[in-house]
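Trainee: File name query.cif; file contents mmCIF, C-alpha atoms and all ligand atoms; full text below.
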```cif
data_query
#
loop_
_atom_site.label_atom_id
_atom_site.label_comp_id
_atom_site.auth_asym_id
_atom_site.auth_seq_id
_atom_site.Cartn_x
_atom_site.Cartn_y
_atom_site.Cartn_z
CA MET A 2 -0.97 24.46 13.59
CA ALA A 3 2.00 22.12 13.72
CA ASP A 4 4.93 23.11 11.51
CA SER A 5 4.99 20.37 8.87
CA SER A 6 8.15 21.77 7.26
CA GLY A 7 9.89 20.87 10.55
CA THR A 8 8.86 17.23 10.21
CA ASP A 9 10.77 14.44 8.49
CA ALA A 10 8.84 11.69 6.69
CA VAL A 11 10.04 8.08 6.74
CA ILE A 12 8.37 5.56 4.44
CA LEU A 13 8.91 1.85 5.03
CA VAL A 14 9.15 0.13 1.67
CA GLY A 15 11.48 -2.80 2.40
CA GLY A 16 8.97 -5.66 2.75
CA LEU A 17 8.86 -8.70 0.47
CA GLY A 18 5.16 -8.30 -0.28
CA THR A 19 4.62 -12.06 -0.18
CA ARG A 20 0.82 -11.81 -0.18
CA LEU A 21 0.92 -10.11 -3.57
CA ARG A 22 3.11 -12.72 -5.25
CA PRO A 23 3.73 -13.40 -8.05
CA LEU A 24 3.47 -9.68 -8.92
CA THR A 25 6.04 -8.82 -6.23
CA LEU A 26 8.61 -11.27 -7.58
CA SER A 27 9.63 -8.66 -10.16
CA ALA A 28 8.66 -5.37 -8.47
CA PRO A 29 8.43 -4.24 -4.86
CA LYS A 30 4.83 -3.75 -3.71
CA PRO A 31 5.03 0.06 -3.36
CA MET A 32 6.16 0.31 -7.01
CA LEU A 33 3.30 -1.71 -8.53
CA PRO A 34 1.29 0.39 -11.00
CA THR A 35 -1.79 1.75 -9.26
CA ALA A 36 -4.18 3.90 -11.29
CA GLY A 37 -1.41 4.70 -13.75
CA GLN A 38 1.42 5.47 -11.28
CA PRO A 39 3.62 3.50 -8.93
CA PHE A 40 1.62 3.12 -5.71
CA LEU A 41 4.21 5.16 -3.81
CA ALA A 42 3.62 8.22 -6.04
CA HIS A 43 0.19 8.66 -4.44
CA LEU A 44 1.64 8.64 -0.92
CA LEU A 45 4.51 10.96 -1.86
CA ALA A 46 2.01 13.42 -3.36
CA ARG A 47 0.04 13.45 -0.11
CA ILE A 48 3.21 14.06 1.88
CA ALA A 49 4.21 16.93 -0.41
CA GLU A 50 0.69 18.36 -0.22
CA ALA A 51 0.95 18.39 3.59
CA GLY A 52 4.07 20.58 3.35
CA ILE A 53 6.60 17.94 4.41
CA THR A 54 9.65 18.07 2.14
CA HIS A 55 12.36 15.78 3.59
CA VAL A 56 11.50 12.13 2.91
CA ILE A 57 13.59 9.06 3.70
CA LEU A 58 12.74 5.73 2.13
CA GLY A 59 13.70 2.69 4.21
CA THR A 60 14.38 0.11 1.50
CA SER A 61 15.57 -3.49 1.40
CA PHE A 62 13.93 -5.85 -1.14
CA LYS A 63 14.66 -4.54 -4.68
CA ALA A 64 16.03 -1.35 -3.15
CA GLU A 65 17.50 0.08 -6.35
CA VAL A 66 14.13 0.35 -8.12
CA PHE A 67 12.96 3.22 -5.90
CA GLU A 68 15.88 5.54 -6.56
CA GLU A 69 15.85 4.72 -10.27
CA HIS A 70 12.29 6.00 -10.44
CA PHE A 71 12.09 8.87 -7.93
CA GLY A 72 15.70 10.06 -7.91
CA ASP A 73 16.29 12.98 -5.53
CA GLY A 74 12.56 13.76 -5.46
CA SER A 75 12.95 17.27 -6.87
CA GLU A 76 10.35 16.65 -9.59
CA LEU A 77 7.82 16.15 -6.81
CA GLY A 78 9.07 19.14 -4.81
CA LEU A 79 10.66 16.78 -2.28
CA GLU A 80 14.12 15.91 -1.06
CA ILE A 81 14.19 12.10 -1.04
CA GLU A 82 16.99 10.09 0.58
CA TYR A 83 17.37 6.31 0.62
CA VAL A 84 18.61 4.01 3.38
CA THR A 85 18.95 0.33 2.50
CA GLU A 86 18.88 -2.62 4.90
CA THR A 87 21.03 -5.43 3.58
CA LYS A 88 18.87 -7.83 5.59
CA PRO A 89 15.28 -6.69 6.29
CA LEU A 90 15.11 -5.25 9.81
CA GLY A 91 11.33 -5.28 10.16
CA THR A 92 9.15 -2.22 10.61
CA GLY A 93 10.75 -1.04 13.88
CA GLY A 94 14.29 -1.89 12.77
CA GLY A 95 13.68 -0.05 9.52
CA ILE A 96 12.71 3.11 11.42
CA ARG A 97 15.77 2.85 13.71
CA ASN A 98 18.03 2.31 10.72
CA VAL A 99 17.26 5.72 9.16
CA MET A 100 18.21 7.57 12.38
CA PRO A 101 21.44 9.09 10.93
CA LYS A 102 19.42 10.85 8.21
CA LEU A 103 16.87 12.44 10.53
CA ARG A 104 17.01 16.20 11.06
CA ALA A 105 13.68 17.30 12.49
CA ASP A 106 12.30 16.92 16.03
CA ASN A 107 9.22 15.08 14.76
CA VAL A 108 9.28 12.12 12.42
CA MET A 109 6.18 10.96 10.56
CA VAL A 110 6.47 7.28 9.65
CA PHE A 111 4.35 5.61 6.97
CA ASN A 112 3.82 2.02 5.93
CA GLY A 113 4.52 2.20 2.22
CA ASP A 114 1.46 0.18 1.23
CA VAL A 115 -1.41 2.14 2.77
CA LEU A 116 -3.83 4.06 0.60
CA GLY A 117 -5.20 6.77 2.84
CA GLY A 118 -7.13 9.97 2.77
CA THR A 119 -6.53 11.41 6.19
CA ASP A 120 -5.34 14.96 6.80
CA LEU A 121 -1.66 14.52 7.72
CA GLY A 122 -1.48 18.03 9.19
CA ALA A 123 -4.27 17.14 11.62
CA ILE A 124 -2.24 14.15 12.90
CA LEU A 125 0.73 16.46 13.50
CA ASP A 126 -1.56 18.91 15.33
CA THR A 127 -2.76 16.11 17.62
CA HIS A 128 0.85 15.12 18.27
CA GLU A 129 1.75 18.68 19.32
CA SER A 130 -1.35 19.43 21.35
CA THR A 131 -1.02 16.22 23.40
CA ASN A 132 2.75 16.63 23.78
CA ALA A 133 3.03 12.95 22.93
CA ASP A 134 6.12 10.77 22.59
CA VAL A 135 4.34 8.90 19.82
CA THR A 136 1.04 9.61 18.06
CA LEU A 137 -0.67 6.84 16.12
CA HIS A 138 -3.17 7.38 13.38
CA LEU A 139 -6.10 5.07 14.15
CA VAL A 140 -8.92 4.58 11.72
CA ARG A 141 -12.44 3.36 12.52
CA VAL A 142 -13.42 0.40 10.35
CA GLY A 143 -16.71 -1.43 9.83
CA ASP A 144 -15.29 -4.85 10.71
CA PRO A 145 -12.28 -4.62 13.04
CA ARG A 146 -12.02 -8.43 13.53
CA ALA A 147 -9.41 -8.77 10.78
CA PHE A 148 -7.05 -6.31 12.48
CA GLY A 149 -5.26 -5.75 15.76
CA CYS A 150 -7.14 -2.95 17.50
CA VAL A 151 -6.04 -0.07 19.71
CA PRO A 152 -8.31 1.17 22.52
CA THR A 153 -7.89 4.70 23.92
CA ASP A 154 -9.10 6.53 27.05
CA ASP A 155 -11.28 9.67 27.10
CA ASP A 156 -8.24 11.90 26.50
CA GLY A 157 -7.18 9.90 23.41
CA ARG A 158 -4.30 8.19 25.19
CA VAL A 159 -3.61 4.65 23.99
CA THR A 160 -4.34 2.04 26.68
CA ALA A 161 -3.43 -1.24 24.93
CA PHE A 162 -2.34 -2.95 21.73
CA LEU A 163 -4.62 -5.92 21.13
CA GLU A 164 -4.17 -8.86 18.76
CA LYS A 165 -6.93 -9.83 16.30
CA THR A 166 -10.03 -11.15 18.07
CA GLN A 167 -13.57 -12.19 17.12
CA ASP A 168 -14.92 -9.79 19.75
CA PRO A 169 -12.91 -6.54 19.46
CA PRO A 170 -13.62 -3.98 22.21
CA THR A 171 -13.19 -1.04 19.78
CA ASP A 172 -13.45 -0.34 16.05
CA GLN A 173 -10.16 1.65 16.07
CA ILE A 174 -7.30 -0.02 14.21
CA ASN A 175 -3.69 0.93 13.62
CA ALA A 176 -3.61 2.74 10.27
CA GLY A 177 0.16 2.35 9.75
CA CYS A 178 1.09 6.02 10.19
CA TYR A 179 2.85 7.33 13.29
CA VAL A 180 4.53 10.49 14.53
CA PHE A 181 7.57 9.94 16.78
CA ARG A 182 9.57 12.39 18.82
CA ARG A 183 13.01 11.77 17.39
CA GLU A 184 14.53 10.74 20.76
CA VAL A 185 12.06 7.85 20.98
CA ILE A 186 13.45 6.36 17.76
CA GLU A 187 16.93 6.33 19.29
CA LYS A 188 15.66 3.89 21.93
CA ILE A 189 14.63 1.24 19.38
CA PRO A 190 17.23 -1.57 19.45
CA SER A 191 19.56 -1.33 16.46
CA GLY A 192 21.14 -3.96 14.23
CA ARG A 193 18.46 -6.63 14.55
CA PRO A 194 14.92 -7.15 13.24
CA VAL A 195 12.31 -5.37 15.35
CA SER A 196 8.56 -5.06 14.78
CA VAL A 197 7.17 -1.63 15.59
CA GLU A 198 3.66 -2.99 16.12
CA ARG A 199 4.50 -6.09 18.18
CA GLU A 200 7.63 -4.98 20.06
CA VAL A 201 8.25 -1.21 20.08
CA PHE A 202 4.73 0.04 20.88
CA PRO A 203 3.92 -2.52 23.61
CA ALA A 204 7.32 -1.85 25.26
CA LEU A 205 6.74 1.92 25.19
CA LEU A 206 3.32 1.44 26.76
CA THR A 207 4.80 -0.69 29.56
CA GLU A 208 7.41 2.01 30.21
CA GLY A 209 4.64 4.61 30.58
CA ALA A 210 5.49 6.59 27.42
CA ARG A 211 2.91 9.15 26.27
CA ILE A 212 1.26 7.37 23.33
CA TYR A 213 -1.71 9.23 21.90
CA ALA A 214 -4.10 8.53 19.05
CA HIS A 215 -5.43 10.61 16.23
CA VAL A 216 -8.70 8.85 15.37
CA ASP A 217 -10.80 9.43 12.28
CA SER A 218 -12.94 7.63 9.72
CA SER A 219 -11.07 8.74 6.61
CA TYR A 220 -10.55 6.56 3.53
CA TRP A 221 -8.11 3.78 4.43
CA ARG A 222 -6.93 0.56 2.77
CA ASP A 223 -3.92 -1.67 3.32
CA MET A 224 -3.00 -2.66 -0.25
CA GLY A 225 -1.25 -5.89 0.83
CA THR A 226 -3.52 -8.52 -0.80
CA PRO A 227 -4.76 -8.87 -4.39
CA ASP A 228 -8.36 -8.13 -3.32
CA ASP A 229 -7.36 -4.94 -1.51
CA PHE A 230 -4.96 -3.87 -4.24
CA ILE A 231 -7.66 -4.24 -6.90
CA GLN A 232 -10.28 -2.47 -4.77
CA GLY A 233 -7.91 0.37 -3.83
CA SER A 234 -6.89 0.89 -7.45
CA ALA A 235 -10.55 0.97 -8.56
CA ASP A 236 -11.35 3.44 -5.75
CA LEU A 237 -8.58 5.74 -7.04
CA VAL A 238 -9.86 5.53 -10.60
CA ARG A 239 -13.45 6.25 -9.55
CA GLY A 240 -12.52 9.07 -7.17
CA ILE A 241 -13.61 7.19 -4.03
CA ALA A 242 -10.02 7.27 -2.74
CA PRO A 243 -8.36 10.70 -2.83
CA SER A 244 -4.96 11.26 -4.46
CA PRO A 245 -3.30 14.58 -5.27
CA ALA A 246 -1.30 12.63 -7.88
CA LEU A 247 -4.48 12.10 -9.95
CA PRO A 248 -5.90 15.50 -10.72
CA GLY A 249 -9.26 15.36 -12.43
CA GLN A 250 -8.96 11.99 -14.19
CA ARG A 251 -11.64 10.03 -12.39
CA GLY A 252 -14.26 7.82 -14.02
CA GLU A 253 -15.23 4.21 -14.67
CA SER A 254 -11.88 3.44 -16.27
CA LEU A 255 -8.40 4.85 -16.77
CA VAL A 256 -6.77 4.09 -20.11
CA HIS A 257 -3.17 5.01 -20.71
CA PRO A 258 -2.45 6.92 -23.91
CA GLY A 259 -1.01 4.42 -26.33
CA ALA A 260 -3.18 1.53 -25.15
CA GLY A 261 -5.35 -0.04 -27.84
CA ILE A 262 -9.05 -0.57 -27.15
CA ALA A 263 -11.03 -2.32 -29.90
CA PRO A 264 -14.60 -1.29 -30.69
CA GLY A 265 -17.22 -2.93 -28.53
CA ALA A 266 -14.93 -3.53 -25.55
CA LEU A 267 -16.51 -2.58 -22.21
CA LEU A 268 -14.34 -1.05 -19.47
CA ILE A 269 -16.10 -0.50 -16.15
CA GLY A 270 -15.67 -0.79 -12.37
CA GLY A 271 -12.50 1.30 -12.10
CA THR A 272 -10.58 -0.69 -14.71
CA VAL A 273 -7.02 0.43 -15.55
CA VAL A 274 -5.36 -0.28 -18.92
CA GLY A 275 -1.60 0.33 -18.88
CA ARG A 276 0.82 1.63 -21.49
CA GLY A 277 0.87 -0.40 -24.68
CA ALA A 278 -1.80 -2.77 -23.37
CA GLU A 279 -4.45 -4.04 -25.77
CA VAL A 280 -8.09 -4.97 -25.34
CA GLY A 281 -9.87 -6.93 -28.09
CA ALA A 282 -13.34 -6.50 -29.55
CA GLY A 283 -16.21 -7.34 -27.23
CA ALA A 284 -13.93 -7.98 -24.24
CA ARG A 285 -15.47 -7.05 -20.88
CA LEU A 286 -13.19 -5.62 -18.16
CA ASP A 287 -14.83 -4.96 -14.81
CA GLY A 288 -12.50 -3.78 -12.02
CA ALA A 289 -9.56 -5.16 -14.03
CA ILE A 290 -5.96 -3.97 -13.87
CA LEU A 291 -3.86 -4.48 -16.99
CA PHE A 292 -0.22 -3.69 -16.41
CA ASP A 293 1.84 -2.25 -19.28
CA GLY A 294 1.94 -4.41 -22.39
CA ALA A 295 -0.79 -6.81 -21.21
CA LYS A 296 -3.25 -8.13 -23.75
CA VAL A 297 -6.87 -9.22 -23.36
CA GLU A 298 -8.20 -10.84 -26.52
CA ALA A 299 -11.62 -10.58 -28.13
CA GLY A 300 -14.59 -11.75 -26.12
CA ALA A 301 -12.58 -12.40 -22.93
CA ARG A 302 -13.87 -11.32 -19.52
CA VAL A 303 -11.55 -10.02 -16.79
CA VAL A 304 -13.26 -9.24 -13.49
CA ARG A 305 -11.55 -7.97 -10.28
CA SER A 306 -8.22 -9.33 -11.48
CA ILE A 307 -4.70 -8.21 -12.31
CA VAL A 308 -3.00 -9.08 -15.60
CA GLY A 309 0.77 -8.61 -15.17
CA PHE A 310 3.31 -6.93 -17.46
CA GLY A 311 3.13 -8.41 -20.95
CA ALA A 312 0.73 -11.18 -19.92
CA ARG A 313 -2.05 -12.36 -22.25
CA VAL A 314 -5.63 -13.49 -21.70
CA GLY A 315 -6.84 -15.46 -24.74
CA PRO A 316 -10.10 -15.12 -26.66
CA ARG A 317 -13.28 -15.85 -24.65
CA ALA A 318 -11.32 -16.71 -21.52
CA LEU A 319 -12.75 -15.82 -18.10
CA VAL A 320 -10.46 -14.42 -15.39
CA ARG A 321 -12.28 -13.52 -12.18
CA ASP A 322 -10.70 -12.72 -8.76
CA ALA A 323 -7.34 -13.94 -10.05
CA VAL A 324 -3.78 -12.72 -10.63
CA ILE A 325 -1.94 -13.43 -13.88
CA GLY A 326 1.84 -13.11 -13.50
CA ASP A 327 4.08 -11.14 -15.87
CA GLY A 328 4.39 -12.67 -19.33
CA ALA A 329 2.01 -15.54 -18.60
CA ASN A 330 -0.45 -16.78 -21.22
CA VAL A 331 -4.00 -17.84 -20.40
CA GLY A 332 -5.25 -19.78 -23.42
CA ALA A 333 -8.55 -19.25 -25.20
CA ARG A 334 -11.70 -20.28 -23.26
CA CYS A 335 -9.79 -20.96 -20.05
CA GLU A 336 -11.58 -20.17 -16.79
CA LEU A 337 -9.51 -18.90 -13.87
CA ILE A 338 -11.49 -17.89 -10.81
CA GLN A 339 -11.44 -17.34 -7.03
CA GLY A 340 -7.90 -16.64 -5.99
CA ALA A 341 -6.08 -18.38 -8.83
CA ARG A 342 -2.52 -17.11 -9.30
CA VAL A 343 -0.66 -17.87 -12.51
CA TRP A 344 3.10 -17.67 -12.12
CA PRO A 345 5.15 -15.49 -14.50
CA GLY A 346 5.77 -16.93 -17.95
CA VAL A 347 3.46 -19.93 -17.46
CA ASP A 348 1.61 -20.96 -20.62
CA ILE A 349 -1.86 -22.44 -20.14
CA PRO A 350 -3.03 -24.00 -23.41
CA ASP A 351 -6.35 -23.14 -25.03
CA GLY A 352 -9.20 -24.63 -22.96
CA GLY A 353 -6.61 -26.00 -20.51
CA ILE A 354 -8.39 -25.04 -17.27
CA ARG A 355 -12.19 -25.06 -17.07
CA PHE A 356 -14.85 -25.06 -14.37
CA SER A 357 -17.67 -25.77 -16.75
CA THR A 358 -18.23 -28.73 -19.05
CA ASP A 359 -19.45 -27.04 -22.22
CA VAL A 360 -17.02 -27.02 -25.12
P1 LIG A 401 3.73 -9.34 3.14
O1 LIG A 401 4.96 -10.18 2.95
O2 LIG A 401 2.69 -9.65 2.11
O3 LIG A 401 3.18 -9.37 4.53
O4 LIG A 401 4.08 -7.80 2.83
P2 LIG A 401 5.23 -6.87 3.45
O5 LIG A 401 6.53 -7.55 3.37
O6 LIG A 401 5.14 -5.57 2.71
O7 LIG A 401 4.84 -6.70 4.96
P3 LIG A 401 3.80 -5.69 5.63
O8 LIG A 401 2.62 -5.51 4.73
O9 LIG A 401 3.53 -6.13 7.00
O10 LIG A 401 4.65 -4.34 5.69
C1 LIG A 401 4.09 -3.09 5.97
C2 LIG A 401 5.01 -2.02 5.37
O11 LIG A 401 6.30 -2.09 5.98
C3 LIG A 401 5.23 -2.21 3.87
O12 LIG A 401 5.24 -0.95 3.25
C4 LIG A 401 6.61 -2.88 3.79
O13 LIG A 401 7.31 -2.53 2.61
C5 LIG A 401 7.31 -2.34 5.02
N1 LIG A 401 8.24 -3.32 5.58
C6 LIG A 401 7.94 -4.57 6.01
N2 LIG A 401 9.05 -5.17 6.48
C7 LIG A 401 10.08 -4.28 6.33
C8 LIG A 401 11.48 -4.32 6.62
O14 LIG A 401 12.02 -5.30 7.09
N3 LIG A 401 12.20 -3.19 6.34
C9 LIG A 401 11.63 -2.07 5.79
N4 LIG A 401 12.41 -1.02 5.53
N5 LIG A 401 10.33 -2.01 5.49
C10 LIG A 401 9.56 -3.10 5.77
#
```
Starting from the file, lay out its structure as structure tokens.
Mentor:
Amino acid sequence: MADSSGTDAVILVGGLGTRLRPLTLSAPKPMLPTAGQPFLAHLLARIAEAGITHVILGTSFKAEVFEEHFGDGSELGLEIEYVTETKPLGTGGGIRNVMPKLRADNVMVFNGDVLGGTDLGAILDTHESTNADVTLHLVRVGDPRAFGCVPTDDDGRVTAFLEKTQDPPTDQINAGCYVFRREVIEKIPSGRPVSVEREVFPALLTEGARIYAHVDSSYWRDMGTPDDFIQGSADLVRGIAPSPALPGQRGESLVHPGAGIAPGALLIGGTVVGRGAEVGAGARLDGAILFDGAKVEAGARVVRSIVGFGARVGPRALVRDAVIGDGANVGARCELIQGARVWPGVDIPDGGIRFSTDV
């Protein structure tokens, strides 16, 4: 067994999260509420559960928010340090930038927006047994066409890093979790943006570095888009995605204490209702996420959608596959569907947007 207490964890949380705008205009993606906790709390709990204690967050966009919430990490049984890039250095540059804080020989790096269920100790075991310079966690997915894929040879050694293609030669994709020997990180160019996926890994392969894969079919979801964020959150609520941060509270919905649910409201599909949020009589929420203070009025339907902090969905409105920004107001009987994004504070009058012609 690899010694996880001799491993540092680095979590990259400095991205702008543009695909999740407008929610990420006010909060960094890893801090968005996910099944009642900031998304990052689920990853930190998995790291702690694996016996890793020293965690460094590579921050940039809205850097201060992380330390305000997690502090020194002692409440989670962790020692958390923060390193901030004044200008984002990319995924590779972000790893290089935390070098002065590293202590252990092995460094486990995580993208801060992946919801995963893999056994982190098993990845470390693979790294040790192969004596690798870098070990990548690869996950097998049903449809690899949307991802760059990573073929391996019979010994599990990585043979190439391939861009997205309609005809992928393997179903193994980069799961956004890597173990580096610390010396390898020193070789990443410093002081400029570097992509670990597009620059560091291909260069290491060309140099003949020992890059191995730990391949499995564990739960895995990149939470970068509204669709994935909503699905991942619902999977946490329903117990399909594992999280040591959510002991025993799995079901069709997760309602924060202090939220108000009127009689006759229906909450299904992994719906989450945040602190101080309110749901009116007869409203139907299916796979909905209501951030703190959001309000869904009587008879409204919210399906596979996010309603931001303090936002309101008016009576009998329909919100399906949409994102409502913080403090926005969707008037009564409005219909917002298929990828609609309402910017924070925008006020849509009653009946102001419709897809049907009935009154
Ligand atoms: P999009 O803008 O929607 O693509 O999101 P993103 O900015 O988060 O980019 P992406 O999903 O590719 O990032 C993967 C992970 O790396 C996320 O956890 C990001 O927070 C993190 N990340 C991306 N760029 C940087 C960076 O420049 N510095 C640091 N420290 N982390 C980064």
Trainee: Identify, on the basis of only C-alpha atoms, every residue whose closest approach to Val343 of chain A does not exceed 8 Å; exclude the query and any residue fewer than 3 positions from it along the same chain; express the result as number ranges by chain.
Mentor: A: 23, 324-326, 329, 347
Trainee: Atom CA of Asp348 of chain A and atom CA of Gly18 of chain A are how many Å apart?
Mentor: 24.2 Å
Trainee: When you look at Asp154 of chain A with a cut-off of 12 Å (counting all atoms listed in the file), what residues show up, excluding the ones that are within fewer than 3 positions of it in the same chain? I need them as a ChimeraX atom specification.
Mentor: /A:151,157-161,171,212-214,216
Trainee: Output C-alpha atoms for every residue in that selection, as a PDB file, in the coordinates of the input.
Mentor:
```pdb
ATOM      1  CA  VAL A 151      -6.040  -0.070  19.710  1.00  0.00           C
ATOM      2  CA  GLY A 157      -7.180   9.900  23.410  1.00  0.00           C
ATOM      3  CA  ARG A 158      -4.300   8.190  25.190  1.00  0.00           C
ATOM      4  CA  VAL A 159      -3.610   4.650  23.990  1.00  0.00           C
ATOM      5  CA  THR A 160      -4.340   2.040  26.680  1.00  0.00           C
ATOM      6  CA  ALA A 161      -3.430  -1.240  24.930  1.00  0.00           C
ATOM      7  CA  THR A 171     -13.190  -1.040  19.780  1.00  0.00           C
ATOM      8  CA  ILE A 212       1.260   7.370  23.330  1.00  0.00           C
ATOM      9  CA  TYR A 213      -1.710   9.230  21.900  1.00  0.00           C
ATOM     10  CA  ALA A 214      -4.100   8.530  19.050  1.00  0.00           C
ATOM     11  CA  VAL A 216      -8.700   8.850  15.370  1.00  0.00           C
TER      12      VAL A 216
END
```
Trainee: Any idea what's packed within 12 Å of Val197 of chain A, counting all atoms listed in the file, ignoring anything in its chain fewer than 6 positions away? Could you give it as a VMD selection string?
Mentor: chain A and resid 13 90 to 97 110 to 112 135 137 162 175 177 to 179 181 185 to 186 188 to 190 203 to 205
Trainee: How many Å lie between atom CA of Phe148 of chain A and atom CA of Glu129 of chain A, rounded to one decimal?
Mentor: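 Distance between the two atoms: 27.4 Å.
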Trainee: Write out as number ranges by chain which residues come within 7 Å of Leu291 of chain A when counting all atoms listed in the file, dropping same-chain ones fewer than 4 positions away.
Mentor: A: 273-275, 278, 295, 307-309
Trainee: Where does chain A meet ligand LIG 401 (chain A) within 9 Å, residue by residue, with the nearest atom pair and distance in Å to one decimal for each, counting all atoms listed in the file, listed by chain and rising number, as JSON lines?
Mentor:
```
{"residue": "A:Ile12", "atom": "CA", "partner": "A:LIG401", "partner_atom": "O12", "distance": 7.3}
{"residue": "A:Leu13", "atom": "CA", "partner": "A:LIG401", "partner_atom": "N5", "distance": 4.1}
{"residue": "A:Val14", "atom": "CA", "partner": "A:LIG401", "partner_atom": "O13", "distance": 3.4}
{"residue": "A:Gly15", "atom": "CA", "partner": "A:LIG401", "partner_atom": "N5", "distance": 3.4}
{"residue": "A:Gly16", "atom": "CA", "partner": "A:LIG401", "partner_atom": "O5", "distance": 3.1}
{"residue": "A:Leu17", "atom": "CA", "partner": "A:LIG401", "partner_atom": "O5", "distance": 3.9}
{"residue": "A:Gly18", "atom": "CA", "partner": "A:LIG401", "partner_atom": "O4", "distance": 3.3}
{"residue": "A:Thr19", "atom": "CA", "partner": "A:LIG401", "partner_atom": "O1", "distance": 3.7}
{"residue": "A:Arg20", "atom": "CA", "partner": "A:LIG401", "partner_atom": "O2", "distance": 3.7}
{"residue": "A:Leu21", "atom": "CA", "partner": "A:LIG401", "partner_atom": "O2", "distance": 6.0}
{"residue": "A:Arg22", "atom": "CA", "partner": "A:LIG401", "partner_atom": "O2", "distance": 8.0}
{"residue": "A:Pro29", "atom": "CA", "partner": "A:LIG401", "partner_atom": "O13", "distance": 7.7}
{"residue": "A:Lys30", "atom": "CA", "partner": "A:LIG401", "partner_atom": "O6", "distance": 6.7}
{"residue": "A:Pro31", "atom": "CA", "partner": "A:LIG401", "partner_atom": "O12", "distance": 6.7}
{"residue": "A:Leu58", "atom": "CA", "partner": "A:LIG401", "partner_atom": "N4", "distance": 7.6}
{"residue": "A:Gly59", "atom": "CA", "partner": "A:LIG401", "partner_atom": "N4", "distance": 4.1}
{"residue": "A:Thr60", "atom": "CA", "partner": "A:LIG401", "partner_atom": "N4", "distance": 4.6}
{"residue": "A:Ser61", "atom": "CA", "partner": "A:LIG401", "partner_atom": "N4", "distance": 5.8}
{"residue": "A:Phe62", "atom": "CA", "partner": "A:LIG401", "partner_atom": "N3", "distance": 8.1}
{"residue": "A:Val84", "atom": "CA", "partner": "A:LIG401", "partner_atom": "N4", "distance": 8.3}
{"residue": "A:Thr85", "atom": "CA", "partner": "A:LIG401", "partner_atom": "N4", "distance": 7.3}
{"residue": "A:Glu86", "atom": "CA", "partner": "A:LIG401", "partner_atom": "N4", "distance": 6.7}
{"residue": "A:Lys88", "atom": "CA", "partner": "A:LIG401", "partner_atom": "O14", "distance": 7.5}
{"residue": "A:Pro89", "atom": "CA", "partner": "A:LIG401", "partner_atom": "O14", "distance": 3.6}
{"residue": "A:Leu90", "atom": "CA", "partner": "A:LIG401", "partner_atom": "O14", "distance": 4.1}
{"residue": "A:Gly91", "atom": "CA", "partner": "A:LIG401", "partner_atom": "O14", "distance": 3.1}
{"residue": "A:Thr92", "atom": "CA", "partner": "A:LIG401", "partner_atom": "C7", "distance": 4.8}
{"residue": "A:Gly93", "atom": "CA", "partner": "A:LIG401", "partner_atom": "N3", "distance": 8.0}
{"residue": "A:Gly94", "atom": "CA", "partner": "A:LIG401", "partner_atom": "N3", "distance": 6.9}
{"residue": "A:Gly95", "atom": "CA", "partner": "A:LIG401", "partner_atom": "N4", "distance": 4.3}
{"residue": "A:Ile96", "atom": "CA", "partner": "A:LIG401", "partner_atom": "N4", "distance": 7.2}
{"residue": "A:Asn98", "atom": "CA", "partner": "A:LIG401", "partner_atom": "N4", "distance": 8.3}
{"residue": "A:Phe111", "atom": "CA", "partner": "A:LIG401", "partner_atom": "O12", "distance": 7.6}
{"residue": "A:Asn112", "atom": "CA", "partner": "A:LIG401", "partner_atom": "O12", "distance": 4.2}
{"residue": "A:Gly113", "atom": "CA", "partner": "A:LIG401", "partner_atom": "O12", "distance": 3.4}
{"residue": "A:Asp114", "atom": "CA", "partner": "A:LIG401", "partner_atom": "O12", "distance": 4.4}
{"residue": "A:Val115", "atom": "CA", "partner": "A:LIG401", "partner_atom": "O12", "distance": 7.3}
{"residue": "A:Gly177", "atom": "CA", "partner": "A:LIG401", "partner_atom": "C1", "distance": 7.7}
{"residue": "A:Pro194", "atom": "CA", "partner": "A:LIG401", "partner_atom": "O14", "distance": 7.0}
{"residue": "A:Val195", "atom": "CA", "partner": "A:LIG401", "partner_atom": "O14", "distance": 8.3}
{"residue": "A:Ser196", "atom": "CA", "partner": "A:LIG401", "partner_atom": "N2", "distance": 8.3}
{"residue": "A:Asp223", "atom": "CA", "partner": "A:LIG401", "partner_atom": "O8", "distance": 7.7}
{"residue": "A:Met224", "atom": "CA", "partner": "A:LIG401", "partner_atom": "O8", "distance": 8.0}
{"residue": "A:Gly225", "atom": "CA", "partner": "A:LIG401", "partner_atom": "O8", "distance": 5.5}
{"residue": "A:Thr226", "atom": "CA", "partner": "A:LIG401", "partner_atom": "O2", "distance": 7.0}
```
